[in-house]
Number of protein chains: 2
Amino acid sequence: MKKLFWAFLLLAGAALHAQQVTSPDKNVVLTFKLSANGEPTYELTYKKKPVIKTSKLGIDTKDVAPMLSGFTVDKTENATFDETWAPVWGEEKSIRNNYNELLVTLSQKAQKGRYIRIRFRVFNDGLGFRYEFPEQPELNYFVIKEEKTQFALAGDHKAFWLPGDYDTQEYSTTTSNLSEIRAKMTTAVTPNASQETFSPTGVQTPLMMKSKDGLYINIHEAALIDYSAMSLNLDDKNMVFESWLTPDAQGNKGYLQASAQTPWRTVLVSDKAGDILMSRTIYNLNEPTKFKDVSWIKPVKYVGVWWEMITGKSTWAYNDLTNVHLGELDYSKTKPNGKHAANTAHVKEYIDFAAQHGFDAVLVEGWNEGWEDWFGKSKDFVFDFITPYPDFDVKELHRYAASKGIKIIMHHETSGSVRNYERWMDKAYQFMVDNGYNAVKSGYVGDIIPRGEYHYGQWMNNHYLYAVTKAAEYKIMVNAHEAVRPTGLARTYPNLIGNEAARGTEYESFGGNNADHTTILPFTRLMGGPMDYTPGIFQTKISAYNPDNNSFVHTTLVKQLALYVTMYSPLQMAADLPETYNKHLDAFQFIKDVAVDWDQSYVIEAEPGDYITMARKAKGKDEWFLGAITDENARTANITFEFLPKGKTFTATIYADGTDAHYEKNPQSYAIKTIKVTSKTKLQQKLAPGGGAAISIK
Amino acid sequence: MKKLFWAFLLLAGAALHAQQVTSPDKNVVLTFKLSANGEPTYELTYKKKPVIKTSKLGIDTKDVAPMLSGFTVDKTENATFDETWAPVWGEEKSIRNNYNELLVTLSQKAQKGRYIRIRFRVFNDGLGFRYEFPEQPELNYFVIKEEKTQFALAGDHKAFWLPGDYDTQEYSTTTSNLSEIRAKMTTAVTPNASQETFSPTGVQTPLMMKSKDGLYINIHEAALIDYSAMSLNLDDKNMVFESWLTPDAQGNKGYLQASAQTPWRTVLVSDKAGDILMSRTIYNLNEPTKFKDVSWIKPVKYVGVWWEMITGKSTWAYNDLTNVHLGELDYSKTKPNGKHAANTAHVKEYIDFAAQHGFDAVLVEGWNEGWEDWFGKSKDFVFDFITPYPDFDVKELHRYAASKGIKIIMHHETSGSVRNYERWMDKAYQFMVDNGYNAVKSGYVGDIIPRGEYHYGQWMNNHYLYAVTKAAEYKIMVNAHEAVRPTGLARTYPNLIGNEAARGTEYESFGGNNADHTTILPFTRLMGGPMDYTPGIFQTKISAYNPDNNSFVHTTLVKQLALYVTMYSPLQMAADLPETYNKHLDAFQFIKDVAVDWDQSYVIEAEPGDYITMARKAKGKDEWFLGAITDENARTANITFEFLPKGKTFTATIYADGTDAHYEKNPQSYAIKTIKVTSKTKLQQKLAPGGGAAISIK
């Protein structure tokens, strides 16, 4: 009897026996085990501190039996991986992918042994895990009601959060404790062209947090393919987040066909804020690219016919009609409004400016028929993406731009009318190829058509990737605005060179961004991929362009320069008007000089919400660029130059806030000086309120 | 004072003064007037009998003020029209379009004079009317909550009705009084792959009725473009139908941009049943075609690899897998199930048969990858429309068919996954052109993807027309199954040569159709356009093909012949298997001989639900064909030949039910004889229960 008893205990223990896997440096420990009910759970520690307390895993289904409990572990497999790979573009030329993996196969006896897998990969900076649904007789097609992945946090952390929303990410970040989310939600939900919140404690990912014991914790997802985007819903009694997927028009959360897998859920952790910025785990969890030829994918520095419309100085629209039947209206017979910026002569001015100052391209918005009534009407056939306005000469501008070595960036605003965009997509991409365009900025402003779908549901995520993969057939790069926030897919699809997917510079003209906005974004929005933030605004008072617009940019001029370093992107715009740059060509020199592709990047110092100082080495050159930014508080940045090669002296040009600079009161006060630096130099650089510093080193 | 009083009366009278317009022959009278509340109303009489009693008109809107009441009449305009036009194909070579029109412009003072128009056209056989929404400052984009068009009937008519449904028309017709609809609805709603009823007294259109005072009344719509399909909801206390549109995924019923118009609502009426069959009003209300070249549009007589799958003898699928990842599965490495009908050798047999017997084409279903798990899974990427199974040699079959002068009809089953179909459509149509196909049968089996949309909503109606117009660019003819029932669009888009949109011959294999089914369909389903009914089943016991299927066709063999005349279609299939036809080549001769395009058609006698006898003259030939059908009752058809040229004698071959024939007990009993006929001949032709007669005259 005693023998049987002990045998039973062993077996029972084996069934519940926890599986552990650690990071290569052993700091991060993942523990997987089943609860007494056969629910899969996991927990995560960092240097023995709790990061994720015991949290349940599972999938609630609509049409098959749920995958929540009653599991037993069939098998566990361990693996190790350590490789280095070279991104096509990025913050560094080489990325190491090193993890220890635990693959758990678990089955539900009550479902005839139907099994799933959960794959855990533990990196030095955190954890990625996903569910896998192998093809088997007991599992074929199934519908997800909700994913039930928990993230039980170890405390009432400080969080940098956006309201969870099915349609927009363009909210200002709220910084608060988790327990305050509920009280602050109403204020946080500011108006947007398309929005749908779902819970008084729902937040988006990437979610950045800092615990009271000094841990920086980031939750997001990687490789969002054919699945619904995940938000997090907080149980604010227990500080437990649970995954909350974006529904379709009928309220279902996903249609899967085995074999299939969810995206990776990522929990990054470190006691150094800079490690979060330097994490490449989300890219590492994505598949390598299968593209054979990537020579057509190149980072781009551009100017554009855009800011003058955003500020209200000019219009996208050609005339002042309020009702356009596209394809029926003869625009040449209408009365132009005299404020249409995308006209041949004006675009040539931008081409000249770009060529004069060494830019690669000119973005032109408002070039095509349909802008008069494109917005807010739920208009189906809203654009055709190939018919220019009467004053935009496609062929002539192609010729002119090519003669100056400049590309024009195409613009495809879809107005959320997605069936329409897909109907025109091949013609639109071919039109680009025929007319010398190799990059497109796309947009999805407004509620989605098919009506009832949301920007971040499985349906739309499928579409965004369709647009990118089809673009690759035409050797076209894509910069998708209002699309789902990136999750590292650019590793697999490197022609996805940008997204917006957050509150960008345009909002400086729509009331302003918080002064700490860009001290947060690299810890949140940028975790899954670059942002087309479009900085470079030198005239921070919008009323200078449009007397009716009293917004102002909540940064100094110099902070705008620093953003070219702190807001990594392979696609960088100098967004202001040439006439303004011409008044500050000395400061503009930094933008001309700064690289858009890098050999290596370094965090000098950083605290989310407060300050970031980063330096980067230009790809293939002995040039470095440094940017330091602060929030609404003045600051002294502690800048070191250990990233420079030892034993050499370099010339550093420092673009600094003037001593009396202030983002609101005196934004354009700046001073430029040159000093010599070595790897041992230490610089105490004063940053104004809402200010920064930018340094170019050669 | 008295003067003012009379002036006032006159004005008031003018405001409420009824407007009348009559048919050219004055039998049909339409009266329009506003109610005391400024609600637009209409009524219709025929030979002074009430057809539609005073009924309200209007549109209830979601986001702008409703268009229901508070109207005044701004203007009325009268017009007359009388033209003849030639359809590309049809029941006659020339169609007269003759009507008197009343155009009412009415505005709502409370909406700053926002105005709409209602256009009434009165024909000798009834009324068509539609709402028009002119472009104006007060009306731009608007969303329809519900259309509120009433049809107040004058009695508890006998009705031939299908349950109103957003997704299917494949119900058997129920014949009952209007007051009985509610009680009979549950039985009427039989299971379907995709269905969504909306009301216990909701019915579809075309709706056929017969009043107790002998009026035949038909309600339908014409020119359904960019609008939601209309069903009718009955207030069975008052016998008033009201329009009930098909909602989108959010429950809204239509998105319109002025200028716009609704489809025409049609009320056809006569005291002769045959007039309903001969009405061309629905075509006349559609726009003439703008197609310049129609030489590529030709009626088609075809056989096909289809019935053997419908009966269960063969499969569409190549193997027995239950889970296919299209584009990933290498079919050539899978084990064929040995029952795949669409293989090269078998298709060649059909091509041989078609060539031998003078057919134009062979339809092949199941030729392409994806049929193993196409149905009932809500599968998005379900077919690609261009990849054949390993045993279907596209090039060889193209060569072989062309060498025999035969076309192969393409098959595009979409499985309701419509974004997928649109993504592939250009490639799929180009594939057809490259491989000699000029006609496609498309299908929309199962619930629609985008999920939440319905088969008959505005979204899908837009898609069906998109598929047809794009097909025209490739000179492709379209036969769309499970699509919205036609509304005369084939006048404008004559490459739309067929639809299913009702319960067809396949249901004889799925349990059987009622014996009176085809005595009703010409009065209902066929009113808006032809049906690909696919008759010609000679082996009426399905168990002969598949012992597990005990269904039987509810007609005699001869009735199947008659259907080629009574069920007009420019696309006619001999649906049974060649091996069966080979056993009855004498009866098969009628199918070989019968024309598919006509100079003129004649109703000899008809009563919906009971019997139809029709004759037609072949286009451009001195040949006539006559078909007589009855329901479950034996009948003597009173056949006259007044349609023949006078003073000549012709040879008539009569295919008749055997004296002991019966659709269930003895369906294959028939006799063929030849007689001489002149225009004065009168023939008393006995029809068996579920039987018919077919006559070819040369």
# chains A, B, ... in the order shown; residues from 1 in each chain; ligands from 1

call {"tool": "residues_around", "arguments": {"residues": "Lys145 (chain B)", "least_positions_apart": "6", "cutoff": "10 Å", "atoms": "only C-alpha atoms", "output": "PyMOL selection string"}}
result
chain B and resi 59-63+66+245+247+251-255

call {"tool": "write_last_selection", "arguments": {"atoms": "N, CA, C and O atoms", "output": "short mmCIF file (atom, residue, chain, number, x, y, z; two decimals), in the first residue's frame"}}
result
data_model
loop_
_atom_site.label_atom_id
_atom_site.label_comp_id
_atom_site.auth_asym_id
_atom_site.auth_seq_id
_atom_site.Cartn_x
_atom_site.Cartn_y
_atom_site.Cartn_z
N ILE B 59 -38.85 56.71 -46.92
CA ILE B 59 -37.58 56.11 -46.53
C ILE B 59 -37.27 56.53 -45.10
O ILE B 59 -37.25 57.74 -44.82
N ASP B 60 -37.04 55.57 -44.24
CA ASP B 60 -36.62 55.90 -42.90
C ASP B 60 -35.09 55.88 -42.86
O ASP B 60 -34.47 54.92 -43.30
N THR B 61 -34.52 56.93 -42.35
CA THR B 61 -33.08 57.11 -42.42
C THR B 61 -32.46 57.05 -41.04
O THR B 61 -33.13 57.22 -40.02
N LYS B 62 -31.15 56.81 -41.02
CA LYS B 62 -30.46 56.63 -39.76
C LYS B 62 -29.79 57.92 -39.29
O LYS B 62 -29.85 58.25 -38.12
N ASP B 63 -29.15 58.61 -40.24
CA ASP B 63 -28.29 59.71 -39.82
C ASP B 63 -28.76 61.07 -40.30
O ASP B 63 -28.22 62.07 -39.89
N PRO B 66 -35.67 61.64 -41.38
CA PRO B 66 -36.38 60.67 -42.23
C PRO B 66 -37.12 61.34 -43.38
O PRO B 66 -37.45 62.52 -43.34
N LEU B 245 -35.78 45.62 -46.31
CA LEU B 245 -34.50 45.48 -47.00
C LEU B 245 -33.57 44.53 -46.25
O LEU B 245 -33.75 44.27 -45.07
N PRO B 247 -30.27 43.74 -44.36
CA PRO B 247 -29.31 44.57 -43.62
C PRO B 247 -27.86 44.21 -43.93
O PRO B 247 -27.58 43.16 -44.49
N GLY B 251 -26.63 45.98 -39.31
CA GLY B 251 -28.07 46.18 -39.24
C GLY B 251 -28.58 47.36 -40.03
O GLY B 251 -29.79 47.62 -40.06
N ASN B 252 -27.68 48.09 -40.69
CA ASN B 252 -28.12 49.18 -41.54
C ASN B 252 -28.49 48.65 -42.91
O ASN B 252 -28.01 47.61 -43.33
N LYS B 253 -29.35 49.37 -43.59
CA LYS B 253 -29.95 48.81 -44.79
C LYS B 253 -29.46 49.42 -46.10
O LYS B 253 -29.83 48.95 -47.17
N GLY B 254 -28.68 50.46 -46.01
CA GLY B 254 -28.14 50.99 -47.26
C GLY B 254 -27.35 52.26 -47.04
O GLY B 254 -27.69 53.06 -46.17
N TYR B 255 -26.29 52.41 -47.81
CA TYR B 255 -25.47 53.62 -47.79
C TYR B 255 -25.60 54.25 -49.17
O TYR B 255 -25.22 53.66 -50.18
#

call {"tool": "residues_around", "arguments": {"residues": "Thr281 (chain A)", "least_positions_apart": "4", "cutoff": "8 Å", "atoms": "only C-alpha atoms", "output": "JSON, numbers by chain"}}
result
{"A": [97, 123, 125, 126, 128, 285]}

call {"tool": "write_last_selection", "arguments": {"atoms": "N, CA and C atoms", "output": "JSON list (two decimals), in the first residue's frame"}}
result
[["chain", "number", "residue", "atom", "x", "y", "z"],
["A", 97, "ASN", "N", 20.25, 36.11, -32.08],
["A", 97, "ASN", "CA", 19.02, 35.44, -31.67],
["A", 97, "ASN", "C", 19.42, 34.24, -30.82],
["A", 123, "PHE", "N", 14.68, 34.41, -23.53],
["A", 123, "PHE", "CA", 15.83, 35.21, -23.96],
["A", 123, "PHE", "C", 16.44, 35.90, -22.75],
["A", 125, "ASP", "N", 16.50, 38.90, -22.34],
["A", 125, "ASP", "CA", 15.66, 40.05, -22.00],
["A", 125, "ASP", "C", 14.18, 39.70, -21.92],
["A", 126, "GLY", "N", 13.89, 38.44, -21.80],
["A", 126, "GLY", "CA", 12.48, 38.13, -21.56],
["A", 126, "GLY", "C", 11.99, 36.87, -22.23],
["A", 128, "GLY", "N", 9.06, 34.88, -24.88],
["A", 128, "GLY", "CA", 8.03, 34.86, -25.91],
["A", 128, "GLY", "C", 7.38, 33.49, -25.87],
["A", 285, "LEU", "N", 11.64, 36.67, -32.86],
["A", 285, "LEU", "CA", 10.54, 35.71, -32.86],
["A", 285, "LEU", "C", 9.84, 35.63, -34.21]]

call {"tool": "closest_atom_pairs", "arguments": {"of": "chain A", "to": "chain B", "cutoff": "9 Å", "atoms": "only C-alpha atoms", "output": "tab-separated table"}}
result
residue	atom	partner	partner_atom	distance
A:Glu135	CA	B:Asn323	CA	8.1
A:Pro137	CA	B:Thr322	CA	8.6
A:Asn140	CA	B:Asn323	CA	6.6
A:Tyr141	CA	B:Lys377	CA	6.5
A:Phe142	CA	B:Lys377	CA	8.3
A:Asp248	CA	B:Arg451	CA	7.7
A:Ala249	CA	B:Gly452	CA	6.0
A:Gln250	CA	B:Gly452	CA	5.8
A:Tyr255	CA	B:Ser378	CA	7.9
A:Leu256	CA	B:Lys379	CA	8.8
A:Gln257	CA	B:Asn323	CA	8.0
A:Ala258	CA	B:Asn323	CA	7.9
A:Ser259	CA	B:His325	CA	8.7
A:Thr322	CA	B:Asn140	CA	7.9
A:Asn323	CA	B:Asn140	CA	6.6
A:Val324	CA	B:Gln257	CA	9.0
A:His325	CA	B:Gln257	CA	8.4
A:Lys377	CA	B:Tyr141	CA	6.5
A:Ser378	CA	B:Tyr255	CA	7.9
A:Lys379	CA	B:Gln257	CA	8.1
A:Asp380	CA	B:Tyr255	CA	8.9
A:Arg419	CA	B:Arg419	CA	7.3
A:Glu422	CA	B:Arg423	CA	7.1
A:Arg423	CA	B:Glu422	CA	7.1
A:Pro450	CA	B:Pro450	CA	7.1
A:Arg451	CA	B:Ala249	CA	6.6
A:Gly452	CA	B:Gln250	CA	5.8
A:Glu453	CA	B:Pro450	CA	8.6
A:Trp459	CA	B:Pro450	CA	8.1

call {"tool": "write_last_selection", "arguments": {"atoms": "N, CA, C and O atoms", "output": "tab-separated table (two decimals), in the first residue's frame"}}
result
chain	number	residue	atom	x	y	z
A	135	GLU	N	-2.45	19.95	-36.87
A	135	GLU	CA	-3.49	19.25	-37.62
A	135	GLU	C	-3.67	17.85	-37.04
A	135	GLU	O	-2.71	17.15	-36.79
A	137	PRO	N	-7.06	14.60	-36.34
A	137	PRO	CA	-8.48	14.31	-36.54
A	137	PRO	C	-9.39	15.07	-35.58
A	137	PRO	O	-10.50	15.44	-35.95
A	140	ASN	N	-9.64	20.67	-36.44
A	140	ASN	CA	-9.60	21.05	-37.84
A	140	ASN	C	-9.87	22.55	-37.93
A	140	ASN	O	-8.97	23.35	-37.76
A	141	TYR	N	-11.09	22.94	-38.15
A	141	TYR	CA	-11.45	24.34	-38.17
A	141	TYR	C	-12.08	24.70	-36.83
A	141	TYR	O	-12.87	23.94	-36.29
A	142	PHE	N	-11.75	25.86	-36.30
A	142	PHE	CA	-12.40	26.27	-35.07
A	142	PHE	C	-12.45	27.79	-34.96
A	142	PHE	O	-11.66	28.49	-35.61
A	248	ASP	N	-14.58	40.42	-34.79
A	248	ASP	CA	-15.03	40.71	-36.15
A	248	ASP	C	-16.42	41.32	-36.08
A	248	ASP	O	-16.91	41.65	-35.00
A	249	ALA	N	-17.07	41.46	-37.24
A	249	ALA	CA	-18.36	42.14	-37.28
A	249	ALA	C	-19.43	41.39	-36.49
A	249	ALA	O	-20.44	41.97	-36.11
A	250	GLN	N	-19.19	40.10	-36.24
A	250	GLN	CA	-20.19	39.31	-35.52
A	250	GLN	C	-19.80	39.09	-34.07
A	250	GLN	O	-20.51	38.39	-33.35
A	255	TYR	N	-10.90	33.00	-36.74
A	255	TYR	CA	-11.22	31.78	-37.47
A	255	TYR	C	-9.90	31.11	-37.81
A	255	TYR	O	-9.09	31.68	-38.53
A	256	LEU	N	-9.70	29.92	-37.27
A	256	LEU	CA	-8.45	29.23	-37.49
A	256	LEU	C	-8.66	27.88	-38.15
A	256	LEU	O	-9.71	27.25	-37.99
A	257	GLN	N	-7.66	27.46	-38.87
A	257	GLN	CA	-7.63	26.13	-39.48
A	257	GLN	C	-6.33	25.47	-39.09
A	257	GLN	O	-5.25	25.95	-39.44
A	258	ALA	N	-6.41	24.38	-38.33
A	258	ALA	CA	-5.20	23.65	-37.98
A	258	ALA	C	-4.54	23.13	-39.26
A	258	ALA	O	-5.24	22.81	-40.21
A	259	SER	N	-3.21	23.10	-39.36
A	259	SER	CA	-2.35	23.58	-38.33
A	259	SER	C	-2.23	25.10	-38.35
A	259	SER	O	-2.28	25.69	-39.43
A	322	THR	N	-18.64	69.25	-52.22
A	322	THR	CA	-18.84	68.39	-51.05
A	322	THR	C	-19.35	67.02	-51.43
A	322	THR	O	-19.68	66.21	-50.56
A	323	ASN	N	-19.45	66.78	-52.72
A	323	ASN	CA	-20.06	65.52	-53.18
A	323	ASN	C	-19.46	65.18	-54.53
A	323	ASN	O	-19.65	65.90	-55.49
A	324	VAL	N	-18.71	64.10	-54.56
A	324	VAL	CA	-18.03	63.73	-55.79
A	324	VAL	C	-18.42	62.31	-56.19
A	324	VAL	O	-18.35	61.41	-55.36
A	325	HIS	N	-18.84	62.14	-57.41
A	325	HIS	CA	-19.04	60.79	-57.94
A	325	HIS	C	-17.79	60.46	-58.76
A	325	HIS	O	-17.63	60.91	-59.90
A	377	LYS	N	-17.68	59.88	-44.53
A	377	LYS	CA	-18.94	59.60	-45.24
A	377	LYS	C	-19.18	58.11	-45.42
A	377	LYS	O	-20.15	57.71	-46.02
A	378	SER	N	-18.27	57.30	-44.92
A	378	SER	CA	-18.34	55.87	-45.21
A	378	SER	C	-18.50	55.64	-46.71
A	378	SER	O	-19.37	54.88	-47.15
A	379	LYS	N	-17.65	56.29	-47.46
A	379	LYS	CA	-17.77	56.24	-48.92
A	379	LYS	C	-17.03	55.02	-49.46
A	379	LYS	O	-15.86	54.82	-49.17
A	380	ASP	N	-17.71	54.21	-50.23
A	380	ASP	CA	-17.15	52.95	-50.73
A	380	ASP	C	-16.16	53.21	-51.86
A	380	ASP	O	-14.96	53.00	-51.73
A	419	ARG	N	-12.28	46.98	-49.48
A	419	ARG	CA	-12.60	46.22	-50.68
A	419	ARG	C	-12.24	47.06	-51.89
A	419	ARG	O	-11.66	46.58	-52.87
A	422	GLU	N	-8.49	46.98	-52.47
A	422	GLU	CA	-8.04	45.71	-53.04
A	422	GLU	C	-8.46	45.58	-54.50
A	422	GLU	O	-7.74	45.00	-55.30
A	423	ARG	N	-9.62	46.13	-54.86
A	423	ARG	CA	-10.06	46.07	-56.27
A	423	ARG	C	-9.09	46.81	-57.18
A	423	ARG	O	-8.87	46.46	-58.32
A	450	PRO	N	-15.31	46.64	-45.21
A	450	PRO	CA	-16.64	46.21	-44.81
A	450	PRO	C	-17.07	46.67	-43.42
A	450	PRO	O	-16.35	46.46	-42.44
A	451	ARG	N	-18.23	47.30	-43.40
A	451	ARG	CA	-18.71	47.92	-42.18
A	451	ARG	C	-18.95	46.87	-41.11
A	451	ARG	O	-19.59	45.85	-41.34
A	452	GLY	N	-18.47	47.18	-39.94
A	452	GLY	CA	-18.54	46.24	-38.83
A	452	GLY	C	-17.19	45.66	-38.48
A	452	GLY	O	-16.97	45.22	-37.36
A	453	GLU	N	-16.28	45.63	-39.44
A	453	GLU	CA	-14.92	45.18	-39.14
A	453	GLU	C	-14.15	46.32	-38.48
A	453	GLU	O	-14.48	47.49	-38.64
A	459	TRP	N	-9.52	40.12	-39.94
A	459	TRP	CA	-9.83	40.48	-41.33
A	459	TRP	C	-8.87	41.54	-41.85
A	459	TRP	O	-8.28	41.40	-42.92

call {"tool": "select_by_dssp", "arguments": {"residues": "region 413-556 of chain B", "states": "helix (DSSP H, G or I)", "output": "MDAnalysis selection string"}}
result
chainID B and resid 418:434 458:473 489:491 506:509 517:523 525:528 542:544

call {"tool": "residues_around", "arguments": {"residues": "Pro608 (chain A)", "least_positions_apart": "2", "cutoff": "6 Å", "atoms": "only C-alpha atoms", "output": "PyMOL selection string"}}
result
chain A and resi 519-520+610

call {"tool": "write_last_selection", "arguments": {"atoms": "N, CA, C and O atoms", "output": "mmCIF file, in the first residue's frame"}}
result
data_model
loop_
_atom_site.group_PDB
_atom_site.id
_atom_site.type_symbol
_atom_site.label_atom_id
_atom_site.label_comp_id
_atom_site.auth_asym_id
_atom_site.auth_seq_id
_atom_site.Cartn_x
_atom_site.Cartn_y
_atom_site.Cartn_z
ATOM 1 N N THR A 519 9.511 60.639 -25.236
ATOM 2 C CA THR A 519 10.344 59.909 -24.272
ATOM 3 C C THR A 519 9.685 58.584 -23.919
ATOM 4 O O THR A 519 10.279 57.737 -23.258
ATOM 5 N N ILE A 520 8.447 58.409 -24.354
ATOM 6 C CA ILE A 520 7.712 57.169 -24.084
ATOM 7 C C ILE A 520 7.671 56.266 -25.317
ATOM 8 O O ILE A 520 7.867 55.056 -25.197
ATOM 9 N N ASP A 610 10.657 60.283 -19.223
ATOM 10 C CA ASP A 610 11.485 61.371 -18.708
ATOM 11 C C ASP A 610 12.571 61.821 -19.694
ATOM 12 O O ASP A 610 12.657 63.005 -20.017
#

call {"tool": "residues_around", "arguments": {"residues": "Ala345 (chain A)", "least_positions_apart": "5", "cutoff": "10 Å", "atoms": "only C-alpha atoms", "output": "mmCIF file with all heavy atoms, in the first residue's frame"}}
result
data_model
loop_
_atom_site.group_PDB
_atom_site.id
_atom_site.type_symbol
_atom_site.label_atom_id
_atom_site.label_comp_id
_atom_site.auth_asym_id
_atom_site.auth_seq_id
_atom_site.Cartn_x
_atom_site.Cartn_y
_atom_site.Cartn_z
ATOM 1 N N TYR A 350 9.523 71.269 -54.337
ATOM 2 C CA TYR A 350 9.972 70.293 -53.344
ATOM 3 C C TYR A 350 11.049 69.382 -53.913
ATOM 4 O O TYR A 350 12.002 69.015 -53.222
ATOM 5 C CB TYR A 350 8.793 69.450 -52.839
ATOM 6 C CG TYR A 350 8.051 70.086 -51.689
ATOM 7 C CD1 TYR A 350 7.078 71.060 -51.900
ATOM 8 C CD2 TYR A 350 8.338 69.731 -50.377
ATOM 9 C CE1 TYR A 350 6.417 71.658 -50.840
ATOM 10 C CE2 TYR A 350 7.676 70.313 -49.309
ATOM 11 C CZ TYR A 350 6.719 71.277 -49.544
ATOM 12 O OH TYR A 350 6.055 71.866 -48.495
ATOM 13 N N ILE A 351 10.897 69.025 -55.190
ATOM 14 C CA ILE A 351 11.928 68.180 -55.824
ATOM 15 C C ILE A 351 13.255 68.928 -55.858
ATOM 16 O O ILE A 351 14.314 68.370 -55.552
ATOM 17 C CB ILE A 351 11.474 67.761 -57.236
ATOM 18 C CG1 ILE A 351 10.292 66.783 -57.150
ATOM 19 C CG2 ILE A 351 12.632 67.126 -58.003
ATOM 20 C CD1 ILE A 351 9.624 66.487 -58.478
ATOM 21 N N ASP A 391 -4.200 69.360 -62.154
ATOM 22 C CA ASP A 391 -2.988 70.174 -62.037
ATOM 23 C C ASP A 391 -1.774 69.343 -61.584
ATOM 24 O O ASP A 391 -0.747 69.903 -61.220
ATOM 25 C CB ASP A 391 -3.225 71.350 -61.077
ATOM 26 C CG ASP A 391 -3.634 70.882 -59.686
ATOM 27 O OD1 ASP A 391 -3.905 69.677 -59.517
ATOM 28 O OD2 ASP A 391 -3.696 71.722 -58.765
ATOM 29 N N PHE A 392 -1.901 68.041 -61.593
ATOM 30 C CA PHE A 392 -0.775 67.180 -61.205
ATOM 31 C C PHE A 392 -0.378 66.348 -62.411
ATOM 32 O O PHE A 392 -1.077 65.412 -62.797
ATOM 33 C CB PHE A 392 -1.188 66.287 -60.028
ATOM 34 C CG PHE A 392 -0.072 65.427 -59.486
ATOM 35 C CD1 PHE A 392 0.765 65.909 -58.488
ATOM 36 C CD2 PHE A 392 0.139 64.135 -59.964
ATOM 37 C CE1 PHE A 392 1.795 65.116 -57.967
ATOM 38 C CE2 PHE A 392 1.162 63.348 -59.451
ATOM 39 C CZ PHE A 392 1.987 63.838 -58.453
ATOM 40 N N ASP A 393 0.727 66.697 -63.013
ATOM 41 C CA ASP A 393 1.149 66.035 -64.250
ATOM 42 C C ASP A 393 2.077 64.872 -63.907
ATOM 43 O O ASP A 393 3.273 65.057 -63.660
ATOM 44 C CB ASP A 393 1.858 67.071 -65.135
ATOM 45 C CG ASP A 393 2.159 66.540 -66.526
ATOM 46 O OD1 ASP A 393 2.325 65.309 -66.672
ATOM 47 O OD2 ASP A 393 2.250 67.343 -67.461
ATOM 48 N N LEU A 397 6.172 65.090 -63.848
ATOM 49 C CA LEU A 397 6.832 65.040 -62.548
ATOM 50 C C LEU A 397 7.751 63.841 -62.449
ATOM 51 O O LEU A 397 8.811 63.902 -61.810
ATOM 52 C CB LEU A 397 5.797 65.063 -61.420
ATOM 53 C CG LEU A 397 5.207 66.449 -61.186
ATOM 54 C CD1 LEU A 397 3.991 66.383 -60.265
ATOM 55 C CD2 LEU A 397 6.251 67.394 -60.600
#

call {"tool": "residues_around", "arguments": {"residues": "Thr649 (chain B)", "least_positions_apart": "5", "cutoff": "7 Å", "atoms": "only C-alpha atoms", "output": "VMD selection string"}}
result
chain B and resid 676 to 678

call {"tool": "closest_residue", "arguments": {"among": "B:Thr175, B:Thr518, B:Asn286, B:Asn100", "to": "Thr80 (chain B)", "atoms": "only C-alpha atoms"}}
result
B:Asn100

call {"tool": "residues_around", "arguments": {"residues": "Thr45 (chain B)", "least_positions_apart": "4", "cutoff": "10 Å", "atoms": "only C-alpha atoms", "output": "MDAnalysis selection string"}}
result
chainID B and resid 22 27:31 49:53 126 269

call {"tool": "atom_distance", "arguments": {"atom1": "CA of Asp657 (chain B)", "atom2": "CA of Thr556 (chain B)"}}
result
7.2 Å

call {"tool": "residues_around", "arguments": {"residues": "Asp275 (chain A)", "least_positions_apart": "3", "cutoff": "10 Å", "atoms": "only C-alpha atoms", "output": "PyMOL selection string"}}
result
chain A and resi 124-125+216+268-272+278-280+602-603+606
